[in-house]
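Here the structure comes first, spelled out in structure tokens, and everything after it is commentary.
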Amino acid sequence: MTRNALALTFVLVVSLVAGPLALAGPTAATPQGFVGVPDGQITQDVPSGESIPLSASDLQGNVLIDSHADSTEVILTTPSRADEIMGSDSNVLGSGEMAIVIRDNQHDAGREIAIDAGQLRTALGHSPEMIYGTHSSGETWQSPAAYEDGYLRFSLDHFSSNTVTFSGEVSISGTYADSSQVSYDLTDLDAASDPVVNLTGKTNTEWDNVSATAVGVNHTSSISVAGNNPPTNGSGGDPQIKVTANVGGASTYNPFHDEGDGSGSYKYQFMGDDANDDTRDSGMQINPSTSGEVTEITVHVGGTMGSDYGGNVDVYISQEATQDGDFTDGTKVATWDPTWSTGAQTITFDTPVNVENGTTYWIQFHTPTSDNDGTADALQIEASDEQASEVWFERYLSDGGGFTHDRYANVDVPIDGSVDGLSVSDGDGNSATFGDFTDGETKTRALNLSTATSSLDFQGKGGGTIDYTLVLQEHTKTEDVGVELNGNWLNHTGTLADGETASLSGDASWLQSGTNRVNVSMPSLSADAPPMQVGLDYSHDASDDLTVEYTGEKFTERYNVSKQYASDRQNPTLTIPFADTAVAMRDLEYRVNGGTWQTLTTADYSLDNTTLTAQLPDVSAGDEITVRANASKVAVENAEITVTDPTAVGERLDTAIDIPSTSGDVAITWPDNSRLRYAYNETYEGADAYHVDGSATLQLPNAGQGDSLRVSSLPVQVAPQSGDVTISVVEPTTTEPVLSVESGSQSGDEVSFTHLEATDGAKYILYSQTNDVVRDSGTANSPVTLVDDDSAEVLAILLDDSGASSSSGDDSSATLAPVPASDSFPWLLILGAAGVIVLGVVVWRGPDDVGGSVASTSAGVAAWLQSHPFATAVLAVVGGLGLIVSGLIAVPSGTGVVLLVSMVPLGTWVALRRWGDQSLVVWAGVTLIALVLGLQLLGTDVVALIFDSQAGIIATIGLIGLAYYALKTYQTEAGTPDSQTTVEFDLESGGDGS
């Protein structure tokens with residue numbers, strides 16, 4: 001008995017061989033009680049010149065069995081070949097393009113089989129409802145198709161050999177991008193129902209994080225948020241921006257003190273003119289030990305000559321290792337009107353500058369005019385007695401005469417390395433505030449961004465730097481989907497939320513005998529956006545042989561078309577418009593009325609870019625011609641290739657290739673140069689290269705027979721203006737790629753490098769890692785194009801983060817104001833708790849016991865401090881303030897209030913001891929009032945915090961307990977007499993008195 005359900009035949013065979021291998025689990029959840037058939041036992045055996053719609057690699061890891069997995073073999077083949085695999089006593093029933101032989105040469109017992117339903121549905125275009133098979137003995141069987149955890153399950157009674165065929169409905173399911181196409185063959189229109197299309201919204205996402213390091217507090221960076229929906233942090237919330245501050249603190253550098261010993265009797269003229277009316281210029285070297293912002297300097301004038309003639313002095317700061325005699329280079333920071341007297345004179349900068357630790361700078365003074373009075377008018381700066389090993393001070397006259405000195409000038413350079421009042425905005429009205437930072441402190445804020453966001457604008461004060469990372473996930477939702485079936489459209493207008501489904505119905509009259517094509521259309525988005533996707537579930541009833549082909553691969557484009565002629569035709573032709581440029585035909589075959597496939601020779605067709613025209617044989621009325629075309633989008637030289645893992649339309653190229661045979665140096669050529677292609681995961685040794693000369697060729701000179709590799713692409717277009725160029729990919733990152741460049745047939749050609757996914761508004765540089773030089777730079781406007789020649793070097797396309805603004809921003813600040821509770825509340829609790837603990841120890845152990853368990857020296861110090869509480873408090877306050885003022889301790893805003901409130905309990909206790917009234921009730925009351933007032937002053941509404949929550953109950957109980965304790969203490973003290981008389985009796989035992 002023969003069963004023909006659909007165009008795919010499965011043969012299930014049982015005989016007896018095979019050894020155990022490592023188990024490979026399926027990709028979906030494994031049904032309970034099942035294990036994977038080892039990959040090495042899933043193979044294929046296909047006769048030369050024939051093909052099947054599934055490969056062994058498709059099913060490896062996707063075939064499960066409930067017993068005897070170590071001895072079960074799965075072999076994919078053709079129906080004709082299945083007879084030989086099963087044995088001479090077997091029969092193969094049914095027709096189609098593929099058979100699956102399942103055999104066991106050790107165990108005859110029946111078992112449950114589970115095969116990945118998605119793989120079968122991809123090959124068949126439908127989900128089977130019944131499994132039909134033929135045992136090698138000749139008996140037929142059937143098993144209902146059950147679906148569980150993504151697998152098709154059926155039962156085998158016993159083994160020898162089995163053939164499987166399928167029946168059911170046409171079903172095309174999957175996730176598709178714009179311009180995707182699915183086609184299938186249909187031979188019996190009478191059995192077809194109206195097609196139903198279910199469209200399910202898919203939210204496609206893509207990470208587009210932005211980061212920078214060591215930028216100023218007024219840094220600005222351009223960003224672009226792609227997609228058609230607001231971005232998130234990947235978990236549904238707003239994008240997160242994390243900032244870490246690099247704070248250097250406040251310090252003053254003076255080479256006179258820091259490099260010298262702070263003493264000196266030398267004085268040098270550093271501005272003004274001389275008796276010949278020549279003007280004076282000078283330079284003072286500094287080498288700060290901290291980094292930060294400089295907004296002023298103070299020069300210590302040790303003497304004057306002549307008189308003030310009203311001339312101004314231009315002040316510059318230049319970063320250079322040695323003075324070059326030009327005292328007007330660098331940054332002009334101020335125009336100084338000096339006072340004609342000795343002592344310290346402060347020069348406030350018009351333009352603040354940032355200095356780096358360990359870097360040499362020169363403070364330069366330029367006197368532009370003389371009073372022409374024939375007398376020397378000048379100010380003299382103090383200089384050290386101690387001599388340096390190099391020049392630290394230089395002075396010159398406008399006539400060219402000059403002097404150099406190895407002594408240190410007395411000039412104060414205050415350096416501010418703080419990061420205060422930091423905030424960030426996005427150019428579209430959204431912002432986040434960070435406030436002040438300590439060194440190394442990290443803060444994270446949510447930033448409500450949108451697709452209209454254009455920049456990250458930081459604003460703050462201080463000379464410190466920041467590192468930041470914006471965690472941003474772009475989102476594209478499904479909208480305005482159109483589905484075309486053989487020229488008939490079904491459309492859904494509007495957005496489909498993730499998981500939302502819209503159902504559309506077509507008409508059976510739209511179906512045609514032969515190939516039916518389903519095309520998916522959606523709006524275009526920017527190149528850097530996540531591609532729009534839609535879940536498509538297309539179905540209609542049918543009981544005919546089916547073949548499903550998906551045409552969205554990067555290397556190939558396949559068609560399977562049929563036409564039935566109503567009249568005799570001579571020299572009929574077939575025209576196929578390919579979606580992309582086709583460079584060669586891998587396969588072009590036809591058959592008449594379901595007969596044998598025959599190959600069309602190159603003389604029978606022409607291929608012109610995207611159009612194939614095939615000359616077909618003469619036909620008679622009623623004849624049906626079916627043509628299947630497999631067009632290659634690439635030309636392969638000196639090899640045959642097999643694509644084992646294709647890349648679908650709408651995805652970045654990432655295709656796996658096997659090389660069955662070679663006849664020389666292997667190369668793959670594309671007709672276009674749209675993107676830079678490269679190879680990776682090669683099984684051979686040696687470098688590959690990408691050669692561009694109008695077309696683009698991936699050269700694989702070291703690839704040989706049996707090798708494999710993967711081919712991918714970068715969003716970079718390399719174009720020589722003339723001639724050719726060869727590129728090798730060093731670092732295949734899509735954001736900042738690194739490329740090795742070599743000249744082609746001739747050197748000196750100009751080459752443009754276009755980053756196709758550059759961030760709009762961002763500045764990019766073409767940086768030579770070989771020569772440590774920037775070759776070109778530019779600002780992105782969608783793509784960005786940078787130009788260099790084809791000299792041999794390694795180039796990197798990098799974001800240029802060096803353009804940070806040094807503007808100081810708003811320098812207003814509040815001396816005393818409420819600060820956030822999160823900044824001051826922990827300080828107050830910690831210091832208050834410490835005071836209570838110290839006081840508790842003193843009360844518990846007594847003043848005479850403090851330090852009794854430590855060394856005598858420590859005990860003496862502790863005893864002295866305890867017996868002199870006022871001195872102890874003064875020492876503590878002075879020491880703490882000294883650490884804060886010196887910068888050794890960095891404290892947040894509001895610390896003064898915290899310290900004042902924290903000192904109240906200690907001060908109260910000391911005062912009570914001196915008055916002779918150590919009342920815990922008084923001390924506790926004063927402490928409580930101080931804490932409440934301090935928290936209110938620092939911005940925490942204590943009353944609302946306590947009485948608007950359950951804390952109010954605790955507070956009420958505490959107050960009652962405190963009142964009770966106060967009453968008991970008062971009663972005890974009231975019952976104790978002010979004075980007492982002690983009487984001692986000396987009672988001796990024994991004698992007369994006993």
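As shown in the structure tokens, the chain order sets the letters A, B, ...; within each chain, residues go from 1, and ligands are also counted from 1 in the order they appear.
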Review point. Could you pull the residues within 7 Å of His691 (chain A), counting only C-alpha atoms, minus those fewer than 2 positions along the same chain, as JSON, numbers by chain?
Key: {"A": [689, 693, 696, 697, 698, 725, 726, 727]}
Might you pull out every residue within 10 Å of Ser55 (chain A), with only C-alpha atoms counted and same-chain residues fewer than 6 positions away left off, and present them as a compact mmCIF listing (two decimals) with C-alpha atoms, in the first residue's frame?
# COMPACT_ATOMS: atom_id res chain seq x y z
CA ILE A 42 22.66 12.08 12.27
CA THR A 43 24.04 12.05 8.71
CA GLN A 44 22.96 12.46 5.10
CA ASP A 45 23.47 10.31 2.01
CA VAL A 46 22.35 12.12 -1.15
CA ILE A 75 20.01 9.29 7.79
CA LEU A 76 18.62 11.97 5.44
CA THR A 77 18.42 10.86 1.80
CA THR A 644 25.87 25.79 5.24
**Study point:** Neighbour list for Tyr684 (chain A) as a PyMOL selection string, cut-off 9 Å, only C-alpha atoms, skip fewer than 4 positions in-chain
**Key:** chain A and resi 702-704+707-709
Point to revise | Non-local contacts of Gly306 (chain A) (8 Å; only C-alpha atoms; under 3 positions in same chain excluded) as a VMD selection string | key: chain A and resid 375 to 378
Point to revise | Atom pair CA of Gly36 (chain A) / CA of Gly174 (chain A): separation (Å) | key: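 For CA of Gly36 (chain A) relative to CA of Gly174 (chain A), the distance reads 24.7 Å.
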Review point. Could you state the separation of CA of Asn488 (chain A) and CA of Gly506 (chain A) in Å, given to one decimal place?
Key: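 Separation between CA of Asn488 (chain A) and CA of Gly506 (chain A): 8.5 Å.
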What's around region 191-206 of chain A at 6 Å? Count only C-alpha atoms, leave out sequence neighbours fewer than 5 positions away in its own chain, and write the answer as a CSV table (one decimal) with N, CA, C and O atoms, in the first residue's frame.
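Full text of part_6.csv as output:
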chain,number,residue,atom,x,y,z
A,473,GLN,N,19.1,51.2,24.8
A,473,GLN,CA,18.7,50.1,23.8
A,473,GLN,C,17.6,50.7,22.9
A,473,GLN,O,16.6,51.2,23.4
A,474,GLU,N,17.9,50.7,21.6
A,474,GLU,CA,16.9,51.2,20.6
A,474,GLU,C,15.8,50.2,20.4
A,474,GLU,O,16.1,49.0,20.4
A,475,HIS,N,14.7,50.7,20.0
A,475,HIS,CA,13.5,49.9,19.8
A,475,HIS,C,12.8,50.2,18.5
A,475,HIS,O,12.6,51.4,18.2
A,476,THR,N,12.5,49.1,17.7
A,476,THR,CA,11.7,49.3,16.5
A,476,THR,C,10.5,48.4,16.7
A,476,THR,O,10.6,47.2,16.8
A,477,LYS,N,9.3,49.0,16.6
A,477,LYS,CA,8.1,48.2,16.6
A,477,LYS,C,7.5,48.0,15.3
A,477,LYS,O,7.8,48.7,14.3
A,478,THR,N,6.6,47.0,15.1
A,478,THR,CA,6.0,46.7,13.9
A,478,THR,C,4.9,47.7,13.5
A,478,THR,O,4.1,48.0,14.4
A,496,LEU,N,1.7,47.6,15.7
A,496,LEU,CA,1.3,46.4,16.4
A,496,LEU,C,2.3,46.3,17.6
A,496,LEU,O,3.5,46.2,17.4
A,497,ALA,N,1.7,46.3,18.8
A,497,ALA,CA,2.5,46.1,20.0
A,497,ALA,C,3.2,44.7,20.0
A,497,ALA,O,2.7,43.8,19.3
A,498,ASP,N,4.2,44.6,20.8
A,498,ASP,CA,4.9,43.3,20.9
A,498,ASP,C,3.9,42.2,21.3
A,498,ASP,O,3.3,42.3,22.4
A,499,GLY,N,3.7,41.2,20.5
A,499,GLY,CA,2.8,40.1,20.8
A,499,GLY,C,1.4,40.4,20.4
A,499,GLY,O,0.6,39.4,20.4
A,500,GLU,N,1.1,41.6,19.9
A,500,GLU,CA,-0.3,41.9,19.4
A,500,GLU,C,-0.5,41.3,18.1
A,500,GLU,O,0.4,41.4,17.2
A,501,THR,N,-1.6,40.7,17.8
A,501,THR,CA,-1.9,40.0,16.5
A,501,THR,C,-3.1,40.6,15.8
A,501,THR,O,-4.1,40.8,16.4
A,502,ALA,N,-2.9,40.8,14.5
A,502,ALA,CA,-4.0,41.2,13.6
A,502,ALA,C,-4.2,40.2,12.6
A,502,ALA,O,-3.3,39.7,12.0
A,503,SER,N,-5.5,39.8,12.4
A,503,SER,CA,-5.8,38.7,11.4
A,503,SER,C,-6.4,39.3,10.2
A,503,SER,O,-7.3,40.2,10.2
A,504,LEU,N,-5.9,38.9,9.0
A,504,LEU,CA,-6.4,39.3,7.7
A,504,LEU,C,-6.7,38.1,6.9
A,504,LEU,O,-6.1,37.1,7.0
A,505,SER,N,-7.8,38.2,6.1
A,505,SER,CA,-8.2,37.1,5.2
A,505,SER,C,-8.1,37.5,3.8
A,505,SER,O,-8.5,38.6,3.3
A,506,GLY,N,-7.6,36.5,3.0
A,506,GLY,CA,-7.6,36.7,1.5
A,506,GLY,C,-8.7,35.9,0.8
A,506,GLY,O,-9.7,35.5,1.4
A,507,ASP,N,-8.5,35.7,-0.5
A,507,ASP,CA,-9.5,34.9,-1.2
A,507,ASP,C,-8.8,33.8,-2.0
A,507,ASP,O,-7.6,34.0,-2.5
A,508,ALA,N,-9.4,32.6,-2.0
A,508,ALA,CA,-8.8,31.5,-2.7
A,508,ALA,C,-8.5,31.7,-4.1
A,508,ALA,O,-7.6,31.1,-4.7
A,530,PRO,N,17.3,49.3,14.5
A,530,PRO,CA,17.0,47.9,14.5
A,530,PRO,C,16.0,47.6,13.4
A,530,PRO,O,15.0,48.3,13.2
A,533,GLN,N,10.5,44.1,12.1
A,533,GLN,CA,10.2,42.7,11.9
A,533,GLN,C,8.7,42.5,12.2
A,533,GLN,O,8.1,43.3,13.0
A,534,VAL,N,8.2,41.4,11.7
A,534,VAL,CA,6.8,41.0,11.9
A,534,VAL,C,6.8,39.5,12.0
A,534,VAL,O,7.5,38.8,11.3
A,535,GLY,N,5.9,39.0,12.9
A,535,GLY,CA,5.7,37.6,12.9
A,535,GLY,C,4.5,37.3,11.9
A,535,GLY,O,3.5,37.9,12.0
A,536,LEU,N,4.8,36.4,11.0
A,536,LEU,CA,3.9,36.1,9.9
A,536,LEU,C,3.4,34.6,10.1
A,536,LEU,O,4.3,33.7,10.2
A,537,ASP,N,2.1,34.4,10.1
A,537,ASP,CA,1.6,33.1,10.1
A,537,ASP,C,0.6,33.0,9.0
A,537,ASP,O,-0.5,33.5,9.1
A,538,TYR,N,1.0,32.4,7.9
A,538,TYR,CA,0.2,32.3,6.7
A,538,TYR,C,-0.3,30.9,6.5
A,538,TYR,O,0.5,29.9,6.6
A,539,SER,N,-1.6,30.6,6.3
A,539,SER,CA,-2.0,29.2,6.2
A,539,SER,C,-3.3,29.2,5.3
A,539,SER,O,-4.0,30.1,5.1
A,540,HIS,N,-3.4,28.0,4.7
A,540,HIS,CA,-4.7,27.6,4.1
A,540,HIS,C,-4.7,26.1,3.9
A,540,HIS,O,-3.7,25.4,3.9
A,541,ASP,N,-5.9,25.5,3.8
A,541,ASP,CA,-6.0,24.1,3.8
A,541,ASP,C,-5.5,23.6,2.4
A,541,ASP,O,-5.7,24.2,1.4
A,542,ALA,N,-4.8,22.4,2.4
A,542,ALA,CA,-4.4,21.8,1.2
A,542,ALA,C,-4.0,20.4,1.5
A,542,ALA,O,-3.7,20.0,2.6
**Study point:** Who sits within 8 Å of Glu320 (chain A), only C-alpha atoms, same chain under 6 positions skipped, as a list in words
**Key:**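 Result of the neighbour search: Thr360, Tyr361 and Trp362 of chain A.
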Quick one: write out the picked residues with N, CA and C atoms as an mmCIF file, in the first residue's frame?
data_model
loop_
_atom_site.group_PDB
_atom_site.id
_atom_site.type_symbol
_atom_site.label_atom_id
_atom_site.label_comp_id
_atom_site.auth_asym_id
_atom_site.auth_seq_id
_atom_site.Cartn_x
_atom_site.Cartn_y
_atom_site.Cartn_z
ATOM 1 N N THR A 360 54.809 69.763 32.136
ATOM 2 C CA THR A 360 55.528 71.033 32.250
ATOM 3 C C THR A 360 54.782 72.141 31.515
ATOM 4 N N TYR A 361 54.610 73.284 32.191
ATOM 5 C CA TYR A 361 53.966 74.460 31.609
ATOM 6 C C TYR A 361 54.871 75.680 31.861
ATOM 7 N N TRP A 362 54.647 76.720 31.068
ATOM 8 C CA TRP A 362 55.341 78.004 31.273
ATOM 9 C C TRP A 362 54.313 79.103 31.419
#
Check your understanding: From the set A:Asp426, A:Ser221, A:Tyr184, A:Ala123, which residue has the shortest atom-to-atom contact distance to Thr515 (chain A), counting only C-alpha atoms?
Key -> A:Tyr184
Exercise for review: Return as a PyMOL selection string the full set of residues in region 392-467 of chain A whose backbone-based DSSP assignment is strand (DSSP E).
Suggested key: chain A and resi 393-397+402-405+407-409+411-416+419-425+431-437+442-446+455-461+465-467
**Study point:** Top pick for closest residue to Ile576 (chain A), considering A:Asn254, A:Gln364, A:Ser423, A:Ser606 and counting only C-alpha atoms
**Key:**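 Residue with the minimum atom-to-atom distance to Ile576 (chain A): A:Ser606.
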Check your understanding: From the list A:Ser722, A:Thr613, A:Ser713, A:Ser768, which residue is nearest Glu651 (chain A) when using only C-alpha atoms?
Key ->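 Of all the options, A:Ser713 lies closest to Glu651 (chain A).
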Check your understanding: So how far away is CA of Phe327 (chain A) from CA of Arg407 (chain A), in Å?
Key ->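 So the answer is 18.7 Å.
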Check your understanding: When DSSP works through the backbone of this structure, what residues of region 239-307 of chain A end up as helix (DSSP H, G or I), shown as a PyMOL selection string?
Key -> chain A and resi 255-258
Generate the output file for the selected residues, C-alpha atoms, as a PDB file, in the first residue's frame.
ATOM      1  CA  PRO A 255      57.888  76.046  42.519  1.00  0.00           C
ATOM      2  CA  PHE A 256      59.637  78.432  44.999  1.00  0.00           C
ATOM      3  CA  HIS A 257      58.376  76.253  47.864  1.00  0.00           C
ATOM      4  CA  ASP A 258      57.584  72.899  46.201  1.00  0.00           C
TER       5      ASP A 258
END
